[in-house]
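Trainee: Quick one: structure below, then a few questions.
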Amino acid sequence: MNAHVSPACTAVSNVSSLTSTYEKTVAQPLPLPAELRRRIAISAPLGEQIAQQRHAVQRILNGQDSRLLVVVGPCSIHDPDAALEYADRLAALSDEVSEQILPVMRVYVEKPRTTVGWKGLAYDPDLDGSGDMSRGIALSRELMHAVAERGLPVATELLQPMLAPYLDDLLSWVAIGARTTESQLHRELASDLSAAVGFKNATNGDVQVAIDAMQTAAHAHQRFAIDNEGRPVMQQTAGNPHTHVVLRGGHGEPNYQAHHVRSAVKALRDAGQNPRLMVDCSHANARKDHRRQSEVMLDVLAQRQKGDANLVGLMLESHLFEGKQALSPSNMRYGVSVTDACVSWEATERLLKSAAERLAR
């Protein structure tokens, strides 16, 4: 004889199943920002260096320094040892090109994903999906600190606003990515940073969203935030006057050519915003082919040499060795990207030296 199951019993069963699912979720305690700042502290001399580097970046963006700002380094950091070898090489090269170029090292520890995938060193430092964020956040701060100690300005993309208090005192330049430039949370975050912020145009190529982001970030805001002691707070921001647009192309089409630059500069001036631009040599500008980054860079340099002083910056994705590789913790090639393909160090060195020579003419 079949037992009758009432709707009420079914509902209780469903609730029980849901409760069981929720109970399986894991909450891993993370260190407080203040804790990590004490453990991996910035000395007074290093703090002064970072302040000077921020000021140098801002002077370029304000047109007070004619050098070219170049944000260069791996698409993302997955191996701190390889990143530090890259930093050592870049620091030595910086001394050679410093009269014409201000190199800033990409130390990207978060990666936005279109669907799913490895989210970066801060989220999964073991590259195996274990998600040891506590170690990842500490490792990210240690790495940025070590890069800064080598005399290099540090750049990153800030994706998760809650991560900013762990890292922002080490940063000289910040990117807000194409997927988040339109986000109110990220615009408010940018308004609270001391470092200069570059807003990328949208993935469809729309530059207006980045211009809107600049206007928003320049204003003061009251934003939800986490303070250094881990408390939720209402943060009063001061507004950030040091923002700019990053042209990265859209929908597979580039937007770095002279007519694109003129259009973006006009839109910025019409909006009363800083007309100085950075060009991302990768992504849609390179049509997803890392080897074409050199073409983009040379075109931008030619525009500058013809008198376009609004082109003040470049982004270049570069690692010790060319290309990219799939994540495979047991069989990884040293110094090769695991996200976007990069140009090699030899190509990077050649490009930056050549750029410095051209800019010196």
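Please note that chains go A, B, ... in the order of the structure tokens, that every chain numbers its residues from 1, and that ligands are numbered from 1 in the order shown.
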I'd like the neighbourhood of segment 314-317 of chain A as a PDB file with C-alpha atoms, in the first residue's frame, where a residue qualifies if any of its atoms comes within 7 Å (using only C-alpha atoms), though same-chain residues fewer than 5 positions away should be ignored.

Mentor:
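So selection-v3.pdb came out as:
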```
ATOM      1  CA  LEU A  69      53.923  56.050 -18.773  1.00  0.00           C
ATOM      2  CA  VAL A  70      54.223  52.328 -19.541  1.00  0.00           C
ATOM      3  CA  VAL A  71      52.297  49.804 -17.421  1.00  0.00           C
ATOM      4  CA  VAL A  72      54.054  46.549 -18.260  1.00  0.00           C
ATOM      5  CA  GLY A  73      54.227  43.019 -16.919  1.00  0.00           C
ATOM      6  CA  PRO A  74      52.455  39.674 -16.850  1.00  0.00           C
ATOM      7  CA  CYS A  75      48.764  39.513 -17.724  1.00  0.00           C
ATOM      8  CA  MET A 278      46.532  55.514 -22.283  1.00  0.00           C
ATOM      9  CA  VAL A 279      46.387  52.804 -24.955  1.00  0.00           C
ATOM     10  CA  ASP A 280      46.198  49.142 -23.998  1.00  0.00           C
ATOM     11  CA  CYS A 281      48.319  47.371 -26.621  1.00  0.00           C
ATOM     12  CA  SER A 282      46.637  44.042 -25.894  1.00  0.00           C
ATOM     13  CA  CYS A 342      52.305  37.711 -23.406  1.00  0.00           C
ATOM     14  CA  VAL A 343      55.335  38.851 -25.352  1.00  0.00           C
TER      15      VAL A 343
END
```

Trainee: With only C-alpha atoms as the counted atoms, please give the residues lying no more than 7 Å from segment 159-175 of chain A, apart from itself and same-chain residues fewer than 4 positions off, as a list in words.

Mentor: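 Within the cut-off, the hits are Pro33, Leu36, Ile50, Gln53, Arg54, Glu110, Arg141, Met144, His145, Pro153, Val154, Ala155, Leu189, Ala195, Ala196, Val197, Gly198, Phe199, Ile226 and Asn228 of chain A.
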
Trainee: Measuring atom to atom with only C-alpha atoms, identify which of A:His251, A:Arg333, A:Arg89, A:His290 is nearest to Pro103 of chain A.

Mentor: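 Distance minimum relative to Pro103 of chain A lands on A:Arg89.
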
Trainee: Based on DSSP run over this structure's backbone, return all residues of segment 54-280 of chain A in strand (DSSP E or B), as a PyMOL selection string.

Mentor: chain A and resi 68-73+101-106+154-157+173-176+196-200+222-226+232-236+243-247+250+253+277-280

Trainee: Taking the chain letters and numbering used in this document, name the residues of segment 71-160 of chain A that DSSP puts in alpha helix (DSSP H), as a PyMOL selection string.

Mentor: chain A and resi 80-97+133-149

Trainee: Hey, which of A:Asp132, A:Glu346, A:Asp308, A:Asp192 ends up closest to Ala220 of chain A? Count only C-alpha atoms.

Mentor: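 Using only C-alpha atoms, Ala220 of chain A sits closest to A:Asp192.
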
Trainee: By how many Å are atom CA of Ala190 of chain A and atom CA of Ile176 of chain A apart?

Mentor: 8.2 Å

Trainee: Pick out the residues sitting within 12 Å of Asp289 of chain A, and hand them over as a compact mmCIF listing (two decimals) with N, CA and C atoms, in the first residue's frame; count only C-alpha atoms, and ignore anything fewer than 5 positions along from it in its own chain.

Mentor:
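Result file is out.txt:
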```txt
# COMPACT_ATOMS: atom_id res chain seq x y z
N GLY A 252 36.56 42.96 -30.71
CA GLY A 252 37.56 42.51 -31.68
C GLY A 252 38.13 43.58 -32.57
N PRO A 254 40.11 47.38 -33.03
CA PRO A 254 40.98 48.31 -32.31
C PRO A 254 40.40 49.71 -32.23
N CYS A 281 47.83 47.99 -25.38
CA CYS A 281 48.32 47.37 -26.62
C CYS A 281 47.79 45.96 -26.83
N SER A 282 47.13 45.41 -25.82
CA SER A 282 46.64 44.04 -25.89
C SER A 282 45.13 44.05 -26.17
N HIS A 283 44.46 42.95 -25.83
CA HIS A 283 43.02 42.80 -25.97
C HIS A 283 42.56 43.08 -27.40
N ALA A 284 41.45 43.78 -27.56
CA ALA A 284 40.92 43.97 -28.91
C ALA A 284 41.84 44.83 -29.77
N SER A 294 53.27 44.95 -30.48
CA SER A 294 54.34 45.82 -30.95
C SER A 294 53.83 46.77 -32.04
N GLU A 295 52.93 46.30 -32.90
CA GLU A 295 52.35 47.16 -33.94
C GLU A 295 51.59 48.33 -33.30
N VAL A 296 50.81 48.01 -32.27
CA VAL A 296 50.03 49.04 -31.59
C VAL A 296 50.97 50.06 -30.95
N GLU A 317 51.32 43.61 -22.18
CA GLU A 317 51.31 42.34 -21.47
C GLU A 317 52.55 41.55 -21.85
N GLU A 322 57.45 33.97 -24.01
CA GLU A 322 56.30 34.29 -24.85
C GLU A 322 55.17 33.26 -24.70
N GLY A 323 53.94 33.73 -24.97
CA GLY A 323 52.80 32.84 -25.08
C GLY A 323 52.03 32.67 -23.79
N LYS A 324 51.28 31.57 -23.73
CA LYS A 324 50.51 31.22 -22.55
C LYS A 324 50.44 29.71 -22.43
N ASP A 340 46.10 35.60 -20.43
CA ASP A 340 46.36 36.05 -21.80
C ASP A 340 47.81 35.79 -22.19
N ALA A 341 48.01 35.51 -23.47
CA ALA A 341 49.38 35.33 -23.98
C ALA A 341 50.14 36.65 -23.89
N CYS A 342 51.43 36.54 -23.59
CA CYS A 342 52.30 37.71 -23.41
C CYS A 342 53.47 37.66 -24.38
N VAL A 343 54.07 38.83 -24.62
CA VAL A 343 55.33 38.85 -25.35
C VAL A 343 56.45 38.49 -24.38
```

Trainee: List the neighbours of segment 134-136 of chain A out to 12 Å using only C-alpha atoms; skip same-chain residues closer than 5 positions along the sequence, and give me the result as a PDB file with N, CA and C atoms, in the first residue's frame.

Mentor:
```pdb
ATOM      1  N   ALA A  27      32.807  28.942   5.269  1.00  0.00           N
ATOM      2  CA  ALA A  27      33.267  30.317   5.491  1.00  0.00           C
ATOM      3  C   ALA A  27      34.666  30.251   6.091  1.00  0.00           C
ATOM      4  N   GLN A  28      35.642  30.715   5.333  1.00  0.00           N
ATOM      5  CA  GLN A  28      37.031  30.694   5.790  1.00  0.00           C
ATOM      6  C   GLN A  28      37.389  32.063   6.356  1.00  0.00           C
ATOM      7  N   PRO A  29      37.760  32.151   7.620  1.00  0.00           N
ATOM      8  CA  PRO A  29      38.173  33.451   8.165  1.00  0.00           C
ATOM      9  C   PRO A  29      39.378  33.990   7.411  1.00  0.00           C
ATOM     10  N   LEU A  30      39.370  35.287   7.166  1.00  0.00           N
ATOM     11  CA  LEU A  30      40.473  35.953   6.487  1.00  0.00           C
ATOM     12  C   LEU A  30      41.165  36.902   7.457  1.00  0.00           C
ATOM     13  N   PRO A  31      42.434  37.176   7.247  1.00  0.00           N
ATOM     14  CA  PRO A  31      43.116  38.145   8.111  1.00  0.00           C
ATOM     15  C   PRO A  31      42.512  39.529   7.923  1.00  0.00           C
ATOM     16  N   LEU A  32      42.550  40.329   8.960  1.00  0.00           N
ATOM     17  CA  LEU A  32      42.098  41.706   8.839  1.00  0.00           C
ATOM     18  C   LEU A  32      43.105  42.510   8.028  1.00  0.00           C
ATOM     19  N   PRO A  33      42.651  43.529   7.282  1.00  0.00           N
ATOM     20  CA  PRO A  33      43.601  44.376   6.573  1.00  0.00           C
ATOM     21  C   PRO A  33      44.678  44.950   7.500  1.00  0.00           C
ATOM     22  N   GLU A  35      45.858  43.698  10.176  1.00  0.00           N
ATOM     23  CA  GLU A  35      46.758  42.601  10.541  1.00  0.00           C
ATOM     24  C   GLU A  35      47.855  42.442   9.487  1.00  0.00           C
ATOM     25  N   LEU A  36      47.425  42.374   8.218  1.00  0.00           N
ATOM     26  CA  LEU A  36      48.391  42.199   7.142  1.00  0.00           C
ATOM     27  C   LEU A  36      49.276  43.424   6.976  1.00  0.00           C
ATOM     28  N   ILE A  77      49.624  37.348 -12.311  1.00  0.00           N
ATOM     29  CA  ILE A  77      50.719  36.710 -11.563  1.00  0.00           C
ATOM     30  C   ILE A  77      50.227  35.381 -11.011  1.00  0.00           C
ATOM     31  N   HIS A  78      50.915  34.299 -11.365  1.00  0.00           N
ATOM     32  CA  HIS A  78      50.579  33.005 -10.754  1.00  0.00           C
ATOM     33  C   HIS A  78      51.772  32.397 -10.028  1.00  0.00           C
ATOM     34  N   ASP A  79      52.974  32.877 -10.356  1.00  0.00           N
ATOM     35  CA  ASP A  79      54.202  32.349  -9.746  1.00  0.00           C
ATOM     36  C   ASP A  79      55.018  33.536  -9.220  1.00  0.00           C
ATOM     37  N   PRO A  80      55.016  33.774  -7.909  1.00  0.00           N
ATOM     38  CA  PRO A  80      55.751  34.914  -7.356  1.00  0.00           C
ATOM     39  C   PRO A  80      57.244  34.897  -7.677  1.00  0.00           C
ATOM     40  N   VAL A 109      46.685  40.483  -9.396  1.00  0.00           N
ATOM     41  CA  VAL A 109      46.408  39.308  -8.560  1.00  0.00           C
ATOM     42  C   VAL A 109      44.925  38.926  -8.583  1.00  0.00           C
ATOM     43  N   GLU A 110      44.135  39.638  -9.375  1.00  0.00           N
ATOM     44  CA  GLU A 110      42.726  39.304  -9.601  1.00  0.00           C
ATOM     45  C   GLU A 110      42.484  39.292 -11.098  1.00  0.00           C
ATOM     46  N   LYS A 119      40.738  32.672 -10.890  1.00  0.00           N
ATOM     47  CA  LYS A 119      40.436  34.067 -10.582  1.00  0.00           C
ATOM     48  C   LYS A 119      41.637  34.881 -10.129  1.00  0.00           C
ATOM     49  N   GLY A 120      42.788  34.242 -10.023  1.00  0.00           N
ATOM     50  CA  GLY A 120      43.977  35.006  -9.680  1.00  0.00           C
ATOM     51  C   GLY A 120      44.638  34.563  -8.394  1.00  0.00           C
ATOM     52  N   LEU A 121      45.851  35.076  -8.175  1.00  0.00           N
ATOM     53  CA  LEU A 121      46.677  34.687  -7.030  1.00  0.00           C
ATOM     54  C   LEU A 121      45.980  34.949  -5.705  1.00  0.00           C
ATOM     55  N   ALA A 122      45.246  36.053  -5.601  1.00  0.00           N
ATOM     56  CA  ALA A 122      44.596  36.380  -4.326  1.00  0.00           C
ATOM     57  C   ALA A 122      43.510  35.372  -3.970  1.00  0.00           C
ATOM     58  N   TYR A 123      42.938  34.732  -4.972  1.00  0.00           N
ATOM     59  CA  TYR A 123      41.817  33.813  -4.752  1.00  0.00           C
ATOM     60  C   TYR A 123      42.255  32.357  -4.656  1.00  0.00           C
ATOM     61  N   ASP A 124      43.224  31.979  -5.473  1.00  0.00           N
ATOM     62  CA  ASP A 124      43.598  30.566  -5.559  1.00  0.00           C
ATOM     63  C   ASP A 124      45.099  30.446  -5.806  1.00  0.00           C
ATOM     64  N   PRO A 125      45.904  30.705  -4.778  1.00  0.00           N
ATOM     65  CA  PRO A 125      47.362  30.729  -4.974  1.00  0.00           C
ATOM     66  C   PRO A 125      47.957  29.374  -5.332  1.00  0.00           C
ATOM     67  N   ASP A 126      47.242  28.286  -5.023  1.00  0.00           N
ATOM     68  CA  ASP A 126      47.760  26.947  -5.315  1.00  0.00           C
ATOM     69  C   ASP A 126      47.341  26.446  -6.692  1.00  0.00           C
ATOM     70  N   LEU A 127      46.548  27.240  -7.412  1.00  0.00           N
ATOM     71  CA  LEU A 127      46.164  26.943  -8.805  1.00  0.00           C
ATOM     72  C   LEU A 127      45.372  25.653  -8.947  1.00  0.00           C
ATOM     73  N   ARG A 141      50.068  40.668  -1.076  1.00  0.00           N
ATOM     74  CA  ARG A 141      50.678  41.843  -0.431  1.00  0.00           C
ATOM     75  C   ARG A 141      52.194  41.691  -0.342  1.00  0.00           C
ATOM     76  N   GLU A 142      52.665  40.499   0.019  1.00  0.00           N
ATOM     77  CA  GLU A 142      54.112  40.254   0.089  1.00  0.00           C
ATOM     78  C   GLU A 142      54.770  40.529  -1.259  1.00  0.00           C
ATOM     79  N   LEU A 143      54.124  40.070  -2.329  1.00  0.00           N
ATOM     80  CA  LEU A 143      54.690  40.231  -3.658  1.00  0.00           C
ATOM     81  C   LEU A 143      54.743  41.702  -4.057  1.00  0.00           C
ATOM     82  N   LEU A 163      38.961  43.804  -1.352  1.00  0.00           N
ATOM     83  CA  LEU A 163      40.388  43.486  -1.348  1.00  0.00           C
ATOM     84  C   LEU A 163      41.246  44.748  -1.260  1.00  0.00           C
ATOM     85  N   TYR A 166      43.638  45.769   1.660  1.00  0.00           N
ATOM     86  CA  TYR A 166      44.812  44.930   1.875  1.00  0.00           C
ATOM     87  C   TYR A 166      46.011  45.381   1.032  1.00  0.00           C
TER      88      TYR A 166
END
```

Trainee: Which residue out of A:Glu149, A:Glu85, A:Ala178, A:Met133 has the minimum interatomic distance to Ala44 of chain A when only C-alpha atoms are used?

Mentor: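 Ranked by minimum distance to Ala44 of chain A, first place goes to A:Glu149.
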
Trainee: Mind giving me the straight-line distance from atom CA of Val26 of chain A to atom CA of Arg113 of chain A in Å, one decimal?

Mentor: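 Between atom CA of Val26 of chain A and atom CA of Arg113 of chain A the gap works out to 22.1 Å.
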
Trainee: Distance atom CA of Glu157 of chain A-atom CA of Gly177 of chain A, one decimal place?

Mentor: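 Going from atom CA of Glu157 of chain A over to atom CA of Gly177 of chain A covers 6.8 Å.
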
Trainee: Check the smallest atom-to-atom distance from each of A:Ala267, A:Val261, A:Leu84, A:Val97 to Ile211 of chain A using only C-alpha atoms, then report the winner.

Mentor: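 That would be A:Ala267, the residue with the smallest distance to Ile211 of chain A.
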
Trainee: Taking only C-alpha atoms into account, which of A:Glu229, A:Glu188, A:Asp299, A:Glu182 comes nearest Asn201 of chain A?

Mentor: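 That would be A:Glu182, the residue with the smallest distance to Asn201 of chain A.
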